[in-house]
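Asks: Can you read through this structure? Questions will come right after.
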Amino acid sequence: MTAPGSYRKISRNRSFEAYLDPGTRAARRVERILDSLRRQITDQDCSVRVRQVISEPQALYRLEIETEELAVQRTTLLSGDALDVLLEAEEVRARVRVPG
């Protein structure tokens with residue numbers, strides 16, 4: 001007999017072996033972050049700015065999303081490759097201001 005309030009824990013992850021590799025986990029995390037950014041940029045009325053933070057040894061960009069109606073600002077650091085993937089979508093590219 002089990003105690004009241006204790007439940008069996010079920011893993012939601014169906015492909016557990018894929019998560020054993022740190023590279024796969026990191027790639028999926030970046031994919032989730034980019035999906036979240038893409039959704040926020042296209043769904044909300046916001047201003048989006050990109051600034052290059054460093055250029056050596058690898059380019060690093062700061063993405064700032066400012067939502068006036070909520071008075072919040074989301075800041076995310078992205079690699080050059082991740083920024084290129086984000087800007088592949090036409091609706092995202094149309095709303096992002098990239099200096100120079």
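Ordering of the structure tokens sets the chain letters (A, B, ...); residue numbers start at 1 within each chain; ligands are numbered from 1 in the order shown.
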Write out as a list in words which residues come within 8 Å of Gln52 in chain A when counting only C-alpha atoms, dropping same-chain ones fewer than 4 positions away.

Replies: Ala59, Leu60, Tyr61 and Arg62 of chain A

Asks: Selection from above, N, CA and C atoms, as a short mmCIF file (atom, residue, chain, number, x, y, z; two decimals), in the first residue's frame, can you write it?

Replies:
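And here is the file that came out, part_17.cif:
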```
data_model
loop_
_atom_site.label_atom_id
_atom_site.label_comp_id
_atom_site.auth_asym_id
_atom_site.auth_seq_id
_atom_site.Cartn_x
_atom_site.Cartn_y
_atom_site.Cartn_z
N ALA A 59 32.11 35.55 -32.83
CA ALA A 59 31.15 36.65 -32.73
C ALA A 59 30.04 36.29 -31.74
N LEU A 60 29.71 37.26 -30.88
CA LEU A 60 28.66 37.09 -29.89
C LEU A 60 27.75 38.30 -29.97
N TYR A 61 26.44 38.06 -30.08
CA TYR A 61 25.46 39.13 -30.27
C TYR A 61 24.50 39.19 -29.09
N ARG A 62 24.08 40.41 -28.79
CA ARG A 62 23.09 40.67 -27.75
C ARG A 62 21.78 41.03 -28.44
#
```

Asks: What parts of range 8-82 of chain A does DSSP call strand (DSSP E or B)? I'd like the answer as JSON, numbers by chain.

Replies: {"A": [47, 48, 49, 50, 51, 52, 53, 54, 60, 61, 62, 63, 64, 65, 66, 67, 72, 73, 74, 75, 76, 77, 78, 79]}

Asks: Store the residues of this selection in a file with C-alpha atoms, as a tab-separated table (two decimals), in the first residue's frame.

Replies:
```
chain	number	residue	atom	x	y	z
A	47	SER	CA	10.96	46.44	-30.80
A	48	VAL	CA	13.96	44.20	-31.44
A	49	ARG	CA	17.59	45.32	-31.48
A	50	VAL	CA	20.78	43.38	-32.16
A	51	ARG	CA	24.24	44.52	-31.04
A	52	GLN	CA	27.55	42.76	-31.48
A	53	VAL	CA	29.18	42.31	-28.08
A	54	ILE	CA	32.48	40.71	-29.09
A	60	LEU	CA	28.66	37.09	-29.89
A	61	TYR	CA	25.46	39.13	-30.27
A	62	ARG	CA	23.09	40.67	-27.75
A	63	LEU	CA	19.43	40.47	-28.78
A	64	GLU	CA	17.14	42.91	-26.94
A	65	ILE	CA	13.36	42.56	-27.18
A	66	GLU	CA	11.44	45.45	-25.62
A	67	THR	CA	7.69	45.23	-25.11
A	72	VAL	CA	9.70	44.61	-19.98
A	73	GLN	CA	12.92	43.91	-21.82
A	74	ARG	CA	14.26	40.45	-22.66
A	75	THR	CA	17.98	40.18	-23.32
A	76	THR	CA	19.58	37.09	-24.85
A	77	LEU	CA	23.16	36.43	-25.90
A	78	LEU	CA	23.47	34.52	-29.17
A	79	SER	CA	26.31	33.16	-31.24
```

Asks: If I take CA of Val30 in chain A and CA of Ala82 in chain A, how far is one from the other in Å, to one decimal?

Replies: 7.8 Å

Asks: Please, what distance in Å, to one decimal, runs between CA of Leu37 in chain A and CA of Leu86 in chain A?

Replies: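 So the answer is 8.1 Å.
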
Asks: Considering only C-alpha atoms, can you say which of A:Cys46, A:Leu20, A:Val98, A:Ile41 comes closest to Glu68 in chain A?

Replies: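 Using only C-alpha atoms, the shortest distance to Glu68 in chain A belongs to A:Cys46.
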
Asks: What gap, in Å, lies between CA of Gly23 in chain A and CA of Asp35 in chain A?

Replies: 18.3 Å

Asks: Given only C-alpha atoms as the basis, pick out the residue of A:Pro22, A:Ala27, A:Thr42, A:Ile33 nearest to Glu91 in chain A.

Replies: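 Checking each of A:Pro22, A:Ala27, A:Thr42, A:Ile33 against Glu91 in chain A, counting only C-alpha atoms, the winner is A:Thr42.
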